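One file, input.pdb, is given below (PDB, C-alpha atoms).
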```pdb
ATOM      1  CA  MET A   1     -19.640  13.267 -43.502
ATOM      2  CA  ARG A   2     -23.179  14.024 -42.297
ATOM      3  CA  ARG A   3     -24.087  10.399 -43.041
ATOM      4  CA  TRP A   4     -21.173   9.163 -40.914
ATOM      5  CA  ILE A   5     -22.215  11.376 -38.011
ATOM      6  CA  ARG A   6     -25.802  10.194 -38.360
ATOM      7  CA  TRP A   7     -24.569   6.594 -38.283
ATOM      8  CA  ALA A   8     -22.541   7.308 -35.132
ATOM      9  CA  SER A   9     -25.649   8.765 -33.490
ATOM     10  CA  CYS A  10     -27.371   5.387 -33.983
ATOM     11  CA  LEU A  11     -24.921   3.984 -31.410
ATOM     12  CA  TYR A  12     -26.596   5.860 -28.561
ATOM     13  CA  PRO A  13     -28.662   3.662 -26.186
ATOM     14  CA  PRO A  14     -32.308   3.068 -27.237
ATOM     15  CA  ASP A  15     -33.711   4.889 -24.169
ATOM     16  CA  TRP A  16     -31.614   7.948 -24.920
ATOM     17  CA  ARG A  17     -32.591   7.888 -28.602
ATOM     18  CA  ARG A  18     -36.292   7.676 -27.761
ATOM     19  CA  ARG A  19     -35.933  10.885 -25.757
ATOM     20  CA  TYR A  20     -33.412  12.899 -27.776
ATOM     21  CA  ASP A  21     -33.147  11.461 -31.297
ATOM     22  CA  GLY A  22     -35.487  13.958 -32.985
ATOM     23  CA  GLU A  23     -33.843  17.100 -31.661
ATOM     24  CA  PHE A  24     -30.360  15.582 -31.966
ATOM     25  CA  GLY A  25     -31.084  14.852 -35.653
ATOM     26  CA  ALA A  26     -32.236  18.446 -36.107
ATOM     27  CA  LEU A  27     -28.988  19.696 -34.552
ATOM     28  CA  LEU A  28     -26.915  17.455 -36.847
ATOM     29  CA  GLU A  29     -28.751  18.952 -39.826
ATOM     30  CA  ASP A  30     -27.999  22.488 -38.606
ATOM     31  CA  VAL A  31     -24.265  22.131 -37.933
ATOM     32  CA  GLU A  32     -21.577  22.318 -40.577
ATOM     33  CA  PRO A  33     -20.257  18.753 -40.309
ATOM     34  CA  ARG A  34     -16.600  18.132 -39.370
ATOM     35  CA  TRP A  35     -14.580  15.030 -38.716
ATOM     36  CA  SER A  36     -14.189  16.165 -35.112
ATOM     37  CA  ASP A  37     -18.018  16.070 -34.824
ATOM     38  CA  PHE A  38     -18.015  12.447 -35.947
ATOM     39  CA  PHE A  39     -15.576  11.496 -33.178
ATOM     40  CA  ASP A  40     -17.405  13.710 -30.715
ATOM     41  CA  VAL A  41     -20.703  11.919 -31.421
ATOM     42  CA  LEU A  42     -18.929   8.553 -31.240
ATOM     43  CA  ARG A  43     -17.471   9.481 -27.846
ATOM     44  CA  GLY A  44     -20.871  10.767 -26.683
ATOM     45  CA  ALA A  45     -22.514   7.469 -27.716
ATOM     46  CA  LEU A  46     -19.890   5.487 -25.841
ATOM     47  CA  PHE A  47     -20.334   7.619 -22.724
ATOM     48  CA  MET A  48     -24.123   7.247 -22.859
ATOM     49  CA  GLN A  49     -23.846   3.502 -23.342
ATOM     50  CA  LEU A  50     -21.613   3.290 -20.282
ATOM     51  CA  ASN A  51     -23.911   5.603 -18.371
ATOM     52  CA  SER A  52     -27.006   3.584 -19.188
ATOM     53  CA  PHE A  53     -25.133   0.386 -18.258
ATOM     54  CA  TRP A  54     -24.221   1.729 -14.874
ATOM     55  CA  ASN A  55     -27.516   1.374 -13.146
ATOM     56  CA  TYR A  56     -27.545  -0.593  -9.908
ATOM     57  CA  ARG A  57     -29.370  -3.676 -11.155
ATOM     58  CA  LYS A  58     -27.327  -4.203 -14.338
ATOM     59  CA  ALA A  59     -23.983  -3.456 -12.726
ATOM     60  CA  ALA A  60     -24.712  -5.734  -9.761
ATOM     61  CA  LEU A  61     -25.813  -8.524 -12.112
ATOM     62  CA  VAL A  62     -22.805  -8.261 -14.440
ATOM     63  CA  CYS A  63     -20.262  -7.819 -11.631
ATOM     64  CA  GLY A  64     -21.893 -10.625  -9.647
ATOM     65  CA  LEU A  65     -21.656 -13.027 -12.598
ATOM     66  CA  ALA A  66     -18.065 -11.947 -13.269
ATOM     67  CA  GLY A  67     -17.230 -12.454  -9.583
ATOM     68  CA  ALA A  68     -18.797 -15.919  -9.614
ATOM     69  CA  VAL A  69     -16.888 -16.946 -12.768
ATOM     70  CA  ILE A  70     -13.564 -15.632 -11.414
ATOM     71  CA  ALA A  71     -14.126 -17.251  -8.008
ATOM     72  CA  CYS A  72     -15.104 -20.540  -9.655
ATOM     73  CA  GLY A  73     -11.895 -20.389 -11.743
ATOM     74  CA  ILE A  74      -9.827 -19.690  -8.629
ATOM     75  CA  GLY A  75     -11.596 -22.579  -6.886
ATOM     76  CA  PHE A  76     -10.467 -24.961  -9.619
ATOM     77  CA  LEU A  77      -6.889 -23.637  -9.434
ATOM     78  CA  LEU A  78      -6.655 -24.459  -5.715
ATOM     79  CA  ASN A  79      -5.251 -27.875  -4.848
ATOM     80  CA  ASP A  80      -7.537 -30.419  -3.227
ATOM     81  CA  ARG A  81      -6.843 -31.310   0.406
ATOM     82  CA  TYR A  82      -7.966 -34.611   1.968
ATOM     83  CA  VAL A  83      -8.225 -35.485   5.646
ATOM     84  CA  SER A  84      -7.710 -38.955   7.046
ATOM     85  CA  SER A  85      -8.355 -39.681  10.727
ATOM     86  CA  ALA A  86      -7.806 -42.539  13.134
ATOM     87  CA  THR A  87      -9.175 -43.077  16.656
ATOM     88  CA  ILE A  88      -7.103 -44.536  19.468
ATOM     89  CA  ARG A  89      -8.428 -45.602  22.861
ATOM     90  CA  MET A  90      -6.656 -44.086  25.843
ATOM     91  CA  GLU A  91      -6.637 -45.732  29.257
ATOM     92  CA  HIS A  92      -4.858 -42.819  30.889
ATOM     93  CA  PRO A  93      -6.371 -39.570  29.575
ATOM     94  CA  GLU A  94      -4.086 -37.565  31.864
ATOM     95  CA  GLN A  95      -1.223 -38.584  29.601
ATOM     96  CA  LEU A  96      -2.718 -36.891  26.534
ATOM     97  CA  GLU A  97      -0.374 -33.904  26.698
ATOM     98  CA  ALA A  98       2.704 -36.081  27.038
ATOM     99  CA  ILE A  99       1.543 -38.327  24.175
ATOM    100  CA  THR A 100       0.863 -35.296  21.976
ATOM    101  CA  ALA A 101       4.217 -33.746  22.825
ATOM    102  CA  LYS A 102       6.036 -36.933  21.855
ATOM    103  CA  LEU A 103       4.188 -37.260  18.545
ATOM    104  CA  THR A 104       4.679 -33.636  17.582
ATOM    105  CA  SER A 105       8.321 -33.516  18.637
ATOM    106  CA  ARG A 106      10.871 -32.532  16.035
ATOM    107  CA  HIS A 107      12.423 -36.019  16.104
ATOM    108  CA  ALA A 108       9.134 -37.855  15.484
ATOM    109  CA  LEU A 109       7.945 -35.514  12.712
ATOM    110  CA  VAL A 110      11.291 -35.493  10.889
ATOM    111  CA  GLY A 111      11.200 -39.303  10.926
ATOM    112  CA  ILE A 112       7.790 -39.264   9.223
ATOM    113  CA  ILE A 113       8.567 -36.413   6.798
ATOM    114  CA  ALA A 114      11.820 -38.006   5.626
ATOM    115  CA  SER A 115      10.443 -41.541   5.517
ATOM    116  CA  PRO A 116      11.258 -42.903   2.016
ATOM    117  CA  ASP A 117       7.761 -44.398   1.722
ATOM    118  CA  LEU A 118       6.081 -41.042   2.315
ATOM    119  CA  ASN A 119       8.653 -38.461   1.226
ATOM    120  CA  LEU A 120       6.409 -35.635   2.458
ATOM    121  CA  TYR A 121       6.607 -31.911   1.560
ATOM    122  CA  ARG A 122       9.018 -32.448  -1.334
ATOM    123  CA  ARG A 123       8.554 -28.985  -2.840
ATOM    124  CA  GLU A 124       8.455 -27.200   0.509
ATOM    125  CA  ARG A 125      11.693 -28.881   1.619
ATOM    126  CA  GLN A 126      13.439 -27.578  -1.513
ATOM    127  CA  ARG A 127      12.406 -23.993  -0.800
ATOM    128  CA  GLN A 128      12.109 -23.699   2.978
ATOM    129  CA  PRO A 129      14.222 -24.580   6.023
ATOM    130  CA  LEU A 130      13.251 -27.927   7.557
ATOM    131  CA  GLU A 131      12.128 -26.174  10.759
ATOM    132  CA  ASP A 132       9.470 -24.252   8.790
ATOM    133  CA  VAL A 133       8.246 -27.456   7.142
ATOM    134  CA  ILE A 134       7.976 -29.147  10.550
ATOM    135  CA  GLU A 135       6.017 -26.145  11.857
ATOM    136  CA  THR A 136       3.648 -26.337   8.878
ATOM    137  CA  MET A 137       2.992 -29.998   9.540
ATOM    138  CA  ARG A 138       2.542 -29.403  13.271
ATOM    139  CA  THR A 139       0.215 -26.390  13.055
ATOM    140  CA  ARG A 140      -1.584 -26.742   9.721
ATOM    141  CA  ASP A 141      -1.810 -30.377   8.705
ATOM    142  CA  LEU A 142      -1.752 -32.411  11.903
ATOM    143  CA  GLN A 143      -4.454 -32.427  14.528
ATOM    144  CA  ILE A 144      -4.704 -34.453  17.752
ATOM    145  CA  ILE A 145      -7.889 -34.062  19.788
ATOM    146  CA  ARG A 146      -9.618 -35.860  22.627
ATOM    147  CA  VAL A 147     -12.883 -37.562  21.625
ATOM    148  CA  ALA A 148     -15.341 -40.009  23.145
ATOM    149  CA  GLY A 149     -14.749 -43.562  21.931
ATOM    150  CA  ARG A 150     -17.557 -45.741  20.597
ATOM    151  CA  THR A 151     -18.158 -47.379  23.990
ATOM    152  CA  GLY A 152     -17.836 -44.145  25.890
ATOM    153  CA  ALA A 153     -14.177 -44.786  26.644
ATOM    154  CA  GLN A 154     -11.684 -41.945  26.477
ATOM    155  CA  ALA A 155     -10.075 -41.739  23.076
ATOM    156  CA  LEU A 156      -8.013 -39.447  20.939
ATOM    157  CA  GLN A 157      -8.285 -38.719  17.276
ATOM    158  CA  VAL A 158      -5.279 -38.218  15.043
ATOM    159  CA  ALA A 159      -6.021 -36.473  11.754
ATOM    160  CA  PHE A 160      -3.745 -35.435   8.927
ATOM    161  CA  GLN A 161      -4.505 -33.482   5.765
ATOM    162  CA  GLY A 162      -2.665 -34.361   2.578
ATOM    163  CA  SER A 163      -2.821 -33.579  -1.104
ATOM    164  CA  THR A 164      -4.164 -37.045  -2.061
ATOM    165  CA  PRO A 165      -6.433 -39.500  -0.221
ATOM    166  CA  ARG A 166      -3.673 -42.140  -0.184
ATOM    167  CA  GLU A 167      -1.095 -39.713   1.180
ATOM    168  CA  ALA A 168      -3.419 -38.535   3.962
ATOM    169  CA  GLN A 169      -4.181 -42.136   4.933
ATOM    170  CA  ALA A 170      -0.548 -43.291   4.791
ATOM    171  CA  VAL A 171       0.663 -40.396   6.976
ATOM    172  CA  THR A 172      -2.125 -40.963   9.505
ATOM    173  CA  GLN A 173      -1.145 -44.634   9.639
ATOM    174  CA  ALA A 174       2.508 -43.637  10.204
ATOM    175  CA  LEU A 175       1.493 -41.189  12.928
ATOM    176  CA  THR A 176      -0.626 -43.732  14.813
ATOM    177  CA  ARG A 177       2.130 -46.361  14.483
ATOM    178  CA  GLU A 178       4.618 -43.907  15.926
ATOM    179  CA  MET A 179       2.213 -42.996  18.726
ATOM    180  CA  LEU A 180       1.702 -46.631  19.724
ATOM    181  CA  ARG A 181       5.425 -47.381  19.463
ATOM    182  CA  ALA A 182       6.521 -44.384  21.518
ATOM    183  CA  ASN A 183       4.015 -44.922  24.351
ATOM    184  CA  PRO A 184       4.024 -48.632  25.182
ATOM    185  CA  ALA A 185       2.956 -48.078  28.784
ATOM    186  CA  ALA A 186       0.133 -45.615  28.089
ATOM    187  CA  GLY A 187      -2.509 -48.260  27.414
ATOM    188  CA  LEU A 188      -3.215 -47.138  23.861
ATOM    189  CA  ALA A 189      -5.211 -49.336  21.466
ATOM    190  CA  MET A 190      -6.419 -48.745  17.966
ATOM    191  CA  LEU A 191     -10.190 -48.248  17.737
ATOM    192  CA  ASP A 192     -10.601 -46.976  14.156
ATOM    193  CA  PRO A 193      -7.693 -47.282  11.732
ATOM    194  CA  ALA A 194      -6.769 -44.416   9.391
ATOM    195  CA  SER A 195      -9.647 -43.718   7.051
ATOM    196  CA  LEU A 196      -9.363 -43.330   3.287
ATOM    197  CA  PRO A 197     -11.052 -39.986   2.507
ATOM    198  CA  GLN A 198     -13.552 -40.125  -0.340
ATOM    199  CA  ARG A 199     -13.890 -36.403  -0.977
ATOM    200  CA  PRO A 200     -11.631 -33.406  -0.464
ATOM    201  CA  PHE A 201     -12.498 -31.237   2.521
ATOM    202  CA  TRP A 202     -10.953 -28.200   0.770
ATOM    203  CA  PRO A 203     -11.627 -26.252  -1.395
ATOM    204  CA  ASN A 204     -15.395 -25.941  -1.116
ATOM    205  CA  ARG A 205     -15.854 -24.693  -4.681
ATOM    206  CA  LEU A 206     -19.561 -24.008  -4.307
ATOM    207  CA  ALA A 207     -18.943 -21.785  -1.264
ATOM    208  CA  ILE A 208     -16.101 -19.977  -3.062
ATOM    209  CA  THR A 209     -18.329 -19.386  -6.114
ATOM    210  CA  VAL A 210     -21.183 -18.076  -3.943
ATOM    211  CA  LEU A 211     -18.727 -15.785  -2.126
ATOM    212  CA  GLY A 212     -17.483 -14.517  -5.508
ATOM    213  CA  LEU A 213     -21.066 -13.879  -6.612
ATOM    214  CA  LEU A 214     -21.911 -11.958  -3.434
ATOM    215  CA  GLY A 215     -18.629 -10.014  -3.600
ATOM    216  CA  GLY A 216     -19.315  -9.126  -7.240
ATOM    217  CA  LEU A 217     -22.869  -7.963  -6.453
ATOM    218  CA  ALA A 218     -21.571  -5.733  -3.656
ATOM    219  CA  ALA A 219     -18.720  -4.408  -5.822
ATOM    220  CA  GLY A 220     -21.202  -3.557  -8.619
ATOM    221  CA  VAL A 221     -23.423  -1.566  -6.266
ATOM    222  CA  VAL A 222     -20.431   0.263  -4.744
ATOM    223  CA  MET A 223     -19.029   1.079  -8.204
ATOM    224  CA  VAL A 224     -22.316   2.610  -9.348
ATOM    225  CA  ALA A 225     -22.590   4.626  -6.126
ATOM    226  CA  VAL A 226     -19.012   5.918  -6.489
ATOM    227  CA  ARG A 227     -19.485   6.642 -10.183
ATOM    228  CA  ARG A 228     -22.703   8.569  -9.585
ATOM    229  CA  ARG A 229     -21.023  10.619  -6.912
ATOM    230  CA  PHE A 230     -18.082  11.290  -9.233
ATOM    231  CA  VAL A 231     -20.277  12.278 -12.222
ATOM    232  CA  SER A 232     -22.397  14.469  -9.987
ATOM    233  CA  ALA A 233     -19.312  16.238  -8.656
ATOM    234  CA  SER A 234     -17.950  16.798 -12.154
ATOM    235  CA  LEU A 235     -20.974  18.784 -13.312
TER
ATOM    236  CA  MET B   1     -13.964  26.834 -16.848
ATOM    237  CA  THR B   2     -14.572  24.813 -20.000
ATOM    238  CA  ASP B   3     -17.038  22.429 -18.377
ATOM    239  CA  PRO B   4     -19.771  21.902 -21.026
ATOM    240  CA  GLY B   5     -22.484  21.751 -18.354
ATOM    241  CA  LEU B   6     -21.481  25.137 -16.990
ATOM    242  CA  LEU B   7     -21.278  26.639 -20.481
ATOM    243  CA  VAL B   8     -24.794  25.399 -21.308
ATOM    244  CA  LEU B   9     -26.157  26.803 -18.049
ATOM    245  CA  ALA B  10     -24.442  30.129 -18.738
ATOM    246  CA  SER B  11     -25.983  30.207 -22.207
ATOM    247  CA  LEU B  12     -29.475  29.400 -20.937
ATOM    248  CA  ALA B  13     -29.174  32.049 -18.215
ATOM    249  CA  GLU B  14     -29.755  34.564 -20.997
ATOM    250  CA  GLY B  15     -32.956  32.877 -22.187
ATOM    251  CA  ASP B  16     -34.440  29.688 -23.650
ATOM    252  CA  LYS B  17     -32.459  28.135 -26.502
ATOM    253  CA  HIS B  18     -32.398  24.931 -28.552
ATOM    254  CA  GLY B  19     -29.263  22.854 -29.141
ATOM    255  CA  TYR B  20     -27.903  24.689 -32.173
ATOM    256  CA  ALA B  21     -28.571  28.108 -30.602
ATOM    257  CA  ILE B  22     -26.667  27.019 -27.471
ATOM    258  CA  MET B  23     -23.733  25.909 -29.666
ATOM    259  CA  GLU B  24     -23.652  29.243 -31.460
ATOM    260  CA  ASP B  25     -23.963  31.222 -28.229
ATOM    261  CA  VAL B  26     -21.169  29.315 -26.478
ATOM    262  CA  GLN B  27     -18.952  29.791 -29.533
ATOM    263  CA  LEU B  28     -19.666  33.507 -29.342
ATOM    264  CA  PHE B  29     -19.173  34.203 -25.623
ATOM    265  CA  ALA B  30     -16.542  31.551 -24.735
ATOM    266  CA  ASN B  31     -14.909  30.923 -28.107
ATOM    267  CA  ILE B  32     -15.444  27.197 -27.531
ATOM    268  CA  ARG B  33     -17.133  25.002 -30.100
ATOM    269  CA  LEU B  34     -19.140  22.296 -28.328
ATOM    270  CA  GLY B  35     -19.439  19.197 -30.515
ATOM    271  CA  PRO B  36     -22.940  17.689 -30.877
ATOM    272  CA  GLY B  37     -22.032  14.698 -28.688
ATOM    273  CA  THR B  38     -20.534  16.893 -25.962
ATOM    274  CA  LEU B  39     -23.488  19.300 -26.056
ATOM    275  CA  TYR B  40     -26.115  16.575 -25.763
ATOM    276  CA  GLY B  41     -24.086  14.767 -23.113
ATOM    277  CA  ALA B  42     -24.232  17.960 -21.054
ATOM    278  CA  ILE B  43     -27.939  18.538 -21.814
ATOM    279  CA  THR B  44     -28.741  14.963 -20.744
ATOM    280  CA  ARG B  45     -26.884  15.306 -17.427
ATOM    281  CA  LEU B  46     -28.311  18.758 -16.706
ATOM    282  CA  GLU B  47     -31.837  17.550 -17.388
ATOM    283  CA  GLU B  48     -31.304  14.487 -15.162
ATOM    284  CA  ARG B  49     -30.284  16.798 -12.329
ATOM    285  CA  LYS B  50     -33.284  19.056 -13.044
ATOM    286  CA  TRP B  51     -31.034  22.055 -13.663
ATOM    287  CA  ILE B  52     -32.660  22.596 -17.082
ATOM    288  CA  ARG B  53     -35.957  21.450 -18.582
ATOM    289  CA  ALA B  54     -37.434  21.206 -22.057
ATOM    290  CA  VAL B  55     -40.020  23.832 -23.057
ATOM    291  CA  ASN B  56     -42.429  24.067 -26.024
ATOM    292  CA  ALA B  57     -40.760  22.432 -29.026
ATOM    293  CA  GLN B  58     -40.440  24.282 -32.321
ATOM    294  CA  GLU B  59     -40.924  21.449 -34.831
ATOM    295  CA  ARG B  60     -37.956  19.128 -34.227
ATOM    296  CA  ARG B  61     -35.848  21.699 -32.415
ATOM    297  CA  GLN B  62     -36.242  21.418 -28.664
ATOM    298  CA  PRO B  63     -35.598  24.556 -26.622
ATOM    299  CA  TYR B  64     -34.466  24.327 -23.000
ATOM    300  CA  THR B  65     -34.839  26.660 -20.071
ATOM    301  CA  ILE B  66     -32.761  26.940 -16.906
ATOM    302  CA  THR B  67     -34.607  26.018 -13.686
ATOM    303  CA  ALA B  68     -34.335  27.681 -10.281
ATOM    304  CA  LEU B  69     -32.084  24.812  -9.159
ATOM    305  CA  GLY B  70     -29.912  25.329 -12.223
ATOM    306  CA  LYS B  71     -29.658  29.048 -11.541
ATOM    307  CA  ARG B  72     -28.573  28.399  -7.974
ATOM    308  CA  HIS B  73     -25.938  25.910  -9.136
ATOM    309  CA  LEU B  74     -24.690  28.361 -11.757
ATOM    310  CA  GLU B  75     -24.459  31.138  -9.158
ATOM    311  CA  GLU B  76     -22.424  28.918  -6.850
ATOM    312  CA  GLN B  77     -20.071  27.941  -9.663
ATOM    313  CA  VAL B  78     -19.676  31.539 -10.801
ATOM    314  CA  ASP B  79     -18.903  32.622  -7.213
ATOM    315  CA  THR B  80     -16.216  29.961  -6.970
ATOM    316  CA  LEU B  81     -14.739  30.924 -10.327
ATOM    317  CA  HIS B  82     -14.832  34.574  -9.318
ATOM    318  CA  LYS B  83     -12.850  33.838  -6.157
ATOM    319  CA  ILE B  84     -10.312  31.812  -8.143
ATOM    320  CA  VAL B  85      -9.898  34.596 -10.710
ATOM    321  CA  GLN B  86      -9.531  37.264  -8.027
ATOM    322  CA  THR B  87      -6.948  35.218  -6.129
ATOM    323  CA  ALA B  88      -5.013  34.449  -9.311
ATOM    324  CA  GLN B  89      -5.020  38.136 -10.347
ATOM    325  CA  ARG B  90      -3.854  39.263  -6.923
ATOM    326  CA  ARG B  91      -1.055  36.726  -6.866
ATOM    327  CA  LEU B  92       0.022  37.577 -10.394
ATOM    328  CA  LYS B  93       0.355  41.222  -9.386
ATOM    329  CA  THR B  94       2.569  40.406  -6.427
ATOM    330  CA  ALA B  95       4.608  37.755  -8.292
TER
END
```

Could you write out this file's structure as structure tokens?
Amino acid sequence: MRRWIRWASCLYPPDWRRRYDGEFGALLEDVEPRWSDFFDVLRGALFMQLNSFWNYRKAALVCGLAGAVIACGIGFLLNDRYVSSATIRMEHPEQLEAITAKLTSRHALVGIIASPDLNLYRRERQRQPLEDVIETMRTRDLQIIRVAGRTGAQALQVAFQGSTPREAQAVTQALTREMLRANPAAGLAMLDPASLPQRPFWPNRLAITVLGLLGGLAAGVVMVAVRRRFVSASL
Amino acid sequence: MTDPGLLVLASLAEGDKHGYAIMEDVQLFANIRLGPGTLYGAITRLEERKWIRAVNAQERRQPYTITALGKRHLEEQVDTLHKIVQTAQRRLKTA
């Protein structure tokens, strides 16, 4: 039994053993050994190991690395999003609002969403009312902004974000076609056709990983501070 | 009332003692047997907070003494316990 207890005492952290091992060994020689002492020493070793782990630097490092790994994993679970954009010259900039209203109308968007070639938002349409899907397209995925054309002429940019580069490009093409068709008298002309995105604009996995690292570092420091306060209060 | 740190401080309030002597004393006055791991966990924390300190070692046995800070902490804890006991006794009488 004494040998078992002595073995358990070897599980204490090296720093603790350097300071207390001699006198702790003397105590173990003095006591009448019991099984409960073995478990008591085992529990003490575990507590000391945890206690020695919980210094600011170690905890911040370990939690920071854990945060970075988790955030990186989450980053890879997120779906890629691609943005395609097209630029259209506008002879009558004052008509921008009317042009935008026509393109983002329920009728125009439903026509594009339900188009057999595109068949957009398949999963969303199975789970959500069509009005919600239209709102998602209007507010999240579609953007129409005024820009300066290459020759300084007034222009507008139509951009759409999709789950694949081809989808984003095809929808942007459909949107610009619809815009030109619906506004024959507005003096619109294609300057730059819908681009084929090369890289996803979302998620930025490096930024997510760095955020996870920083969050983990902060969480580690806070945990040590809280733990120290708690241990102090318990004495 | 069974906090090992408090029991060690109470034991050292009587005079300097090494680990085994503290164990024996606590067993005697509180009828609580502190295991070696529990005892040295308490000694480590009390020493970190400067409530006890090591004094001249006798071979491998290391005696400890209570510091002024430790005495003050013990007094505060005893006062609190005293108030709790008094309140509990009064309420038991009127229950």

- So how many Å separate CA of Ala174 in chain A and CA of Glu91 in chain A, to one decimal?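 The value is 21.2 Å.
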
- Query: CA of Tyr20 in chain B and CA of Asp30 in chain A are how many Å apart?
  - Reply: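 Here the two named atoms are 6.8 Å from each other.
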
- Near-Ala86 in chain A list (9 Å; only C-alpha atoms; drop same-chain fewer than 3 positions) as number ranges by chain: A: 156-159, 169, 172-173, 176, 190-195

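Considering the residues B:Gly41, B:Thr87, B:Gly35, B:Glu75 and counting all atoms listed in the file, Tyr12 in chain A has its shortest atom-to-atom contact with B:Gly41.
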
- For chain B, which residues have at least one atom within 9 Å of chain A, if we go by all atoms listed in the file? Write them as a list of chain:residue names, please. B:Asp3, B:Pro4, B:Gly5, B:Leu6, B:His18, B:Gly19, B:Tyr20, B:Gly35, B:Pro36, B:Gly37, B:Thr38, B:Leu39, B:Tyr40, B:Gly41, B:Ala42, B:Thr44, B:Arg45, B:Leu46, B:Arg49, B:Glu59, B:Arg60, B:Arg61, B:Gln62

- Query: Counting all atoms listed in the file, which of B:Ala88, B:Leu34, B:Ile22, B:Val78 gets nearest to Tyr64 in chain B?
  - Reply: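 Answer, going by the shortest atom-to-atom distance: B:Ile22.
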
- Query: In terms of the shortest atom-to-atom distance over only C-alpha atoms, which of B:Lys71, B:Lys93, B:Lys17, B:Arg33 is closest to Val55 in chain B?
  - Reply: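 Closest to Val55 in chain B of all the choices is B:Lys17.
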
What are the centre and the three edge lengths of an axis-aligned box that wraps all atoms of range 213-231 of chain A in the file, given that 3 Å is added to every side, written as AutoDock Vina command-line options and rounded to one decimal in Å?
```
--center_x -20.8 --center_y -0.8 --center_z -7.8 --size_x 11.3 --size_y 32.2 --size_z 14.8
```

- Item | Nearest to Thr67 in chain B by atom-to-atom distance, counting only C-alpha atoms, from B:Ile43, B:Ile32, B:Ala13, B:Val26 | B:Ala13

- Item | Selection dump of the PyMOL selection byres ((chain A and resi 60-68) around 6), as a PyMOL selection string | chain A and resi 56-59+69-72+209+212-213+216-217+220-221

Would you write out those residues with C-alpha atoms, as a short mmCIF file (atom, residue, chain, number, x, y, z; two decimals), in the frame of the given file?
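Below is the file that was written, out_20.cif:
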```cif
data_model
loop_
_atom_site.label_atom_id
_atom_site.label_comp_id
_atom_site.auth_asym_id
_atom_site.auth_seq_id
_atom_site.Cartn_x
_atom_site.Cartn_y
_atom_site.Cartn_z
CA TYR A 56 -27.54 -0.59 -9.91
CA ARG A 57 -29.37 -3.68 -11.16
CA LYS A 58 -27.33 -4.20 -14.34
CA ALA A 59 -23.98 -3.46 -12.73
CA VAL A 69 -16.89 -16.95 -12.77
CA ILE A 70 -13.56 -15.63 -11.41
CA ALA A 71 -14.13 -17.25 -8.01
CA CYS A 72 -15.10 -20.54 -9.65
CA THR A 209 -18.33 -19.39 -6.11
CA GLY A 212 -17.48 -14.52 -5.51
CA LEU A 213 -21.07 -13.88 -6.61
CA GLY A 216 -19.32 -9.13 -7.24
CA LEU A 217 -22.87 -7.96 -6.45
CA GLY A 220 -21.20 -3.56 -8.62
CA VAL A 221 -23.42 -1.57 -6.27
#
```

Would you pick out the contacts of Ala68 in chain B at 12 Å or less, using only C-alpha atoms, so that residues sharing its chain but fewer than 3 positions from it are not included, and give the list as a PDB file with C-alpha atoms, keeping the file's coordinate frame?
```pdb
ATOM      1  CA  LEU B   9     -26.157  26.803 -18.049  1.00  0.00           C
ATOM      2  CA  LEU B  12     -29.475  29.400 -20.937  1.00  0.00           C
ATOM      3  CA  ALA B  13     -29.174  32.049 -18.215  1.00  0.00           C
ATOM      4  CA  ARG B  49     -30.284  16.798 -12.329  1.00  0.00           C
ATOM      5  CA  LYS B  50     -33.284  19.056 -13.044  1.00  0.00           C
ATOM      6  CA  TRP B  51     -31.034  22.055 -13.663  1.00  0.00           C
ATOM      7  CA  ILE B  52     -32.660  22.596 -17.082  1.00  0.00           C
ATOM      8  CA  ARG B  53     -35.957  21.450 -18.582  1.00  0.00           C
ATOM      9  CA  THR B  65     -34.839  26.660 -20.071  1.00  0.00           C
ATOM     10  CA  LYS B  71     -29.658  29.048 -11.541  1.00  0.00           C
ATOM     11  CA  ARG B  72     -28.573  28.399  -7.974  1.00  0.00           C
ATOM     12  CA  HIS B  73     -25.938  25.910  -9.136  1.00  0.00           C
ATOM     13  CA  LEU B  74     -24.690  28.361 -11.757  1.00  0.00           C
ATOM     14  CA  GLU B  75     -24.459  31.138  -9.158  1.00  0.00           C
TER      15      GLU B  75
END
```

Step by step, work through what the PyMOL selection byres ((chain A and resi 109) around 10) selects in the shown file, and finish by giving those residues as a compact mmCIF listing (two decimals) with C-alpha atoms, in the coordinates of the input.
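What follows is the written file expr-v1.txt:
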```txt
# COMPACT_ATOMS: atom_id res chain seq x y z
CA LYS A 102 6.04 -36.93 21.86
CA LEU A 103 4.19 -37.26 18.55
CA THR A 104 4.68 -33.64 17.58
CA SER A 105 8.32 -33.52 18.64
CA ARG A 106 10.87 -32.53 16.04
CA HIS A 107 12.42 -36.02 16.10
CA ALA A 108 9.13 -37.85 15.48
CA VAL A 110 11.29 -35.49 10.89
CA GLY A 111 11.20 -39.30 10.93
CA ILE A 112 7.79 -39.26 9.22
CA ILE A 113 8.57 -36.41 6.80
CA ALA A 114 11.82 -38.01 5.63
CA SER A 115 10.44 -41.54 5.52
CA VAL A 133 8.25 -27.46 7.14
CA ILE A 134 7.98 -29.15 10.55
CA GLU A 135 6.02 -26.14 11.86
CA MET A 137 2.99 -30.00 9.54
CA ARG A 138 2.54 -29.40 13.27
CA LEU A 175 1.49 -41.19 12.93
CA GLU A 178 4.62 -43.91 15.93
```

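Here CA of His92 in chain A and CA of Ala155 in chain A stand 9.5 Å from one another.
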
- Query: Around (-3.3, -32.7, -0.9) in the file's own coordinates, what residues are found within 9 Å if you use all atoms listed in the file, given back as a PyMOL selection string?
  - Reply: chain A and resi 79-83+161-165+167-168+200

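In terms of minimum interatomic distance to Met90 in chain A, A:Gln154 ranks closest within A:Arg17, A:Gln154, A:Gly75, A:Phe160, counting all atoms listed in the file.
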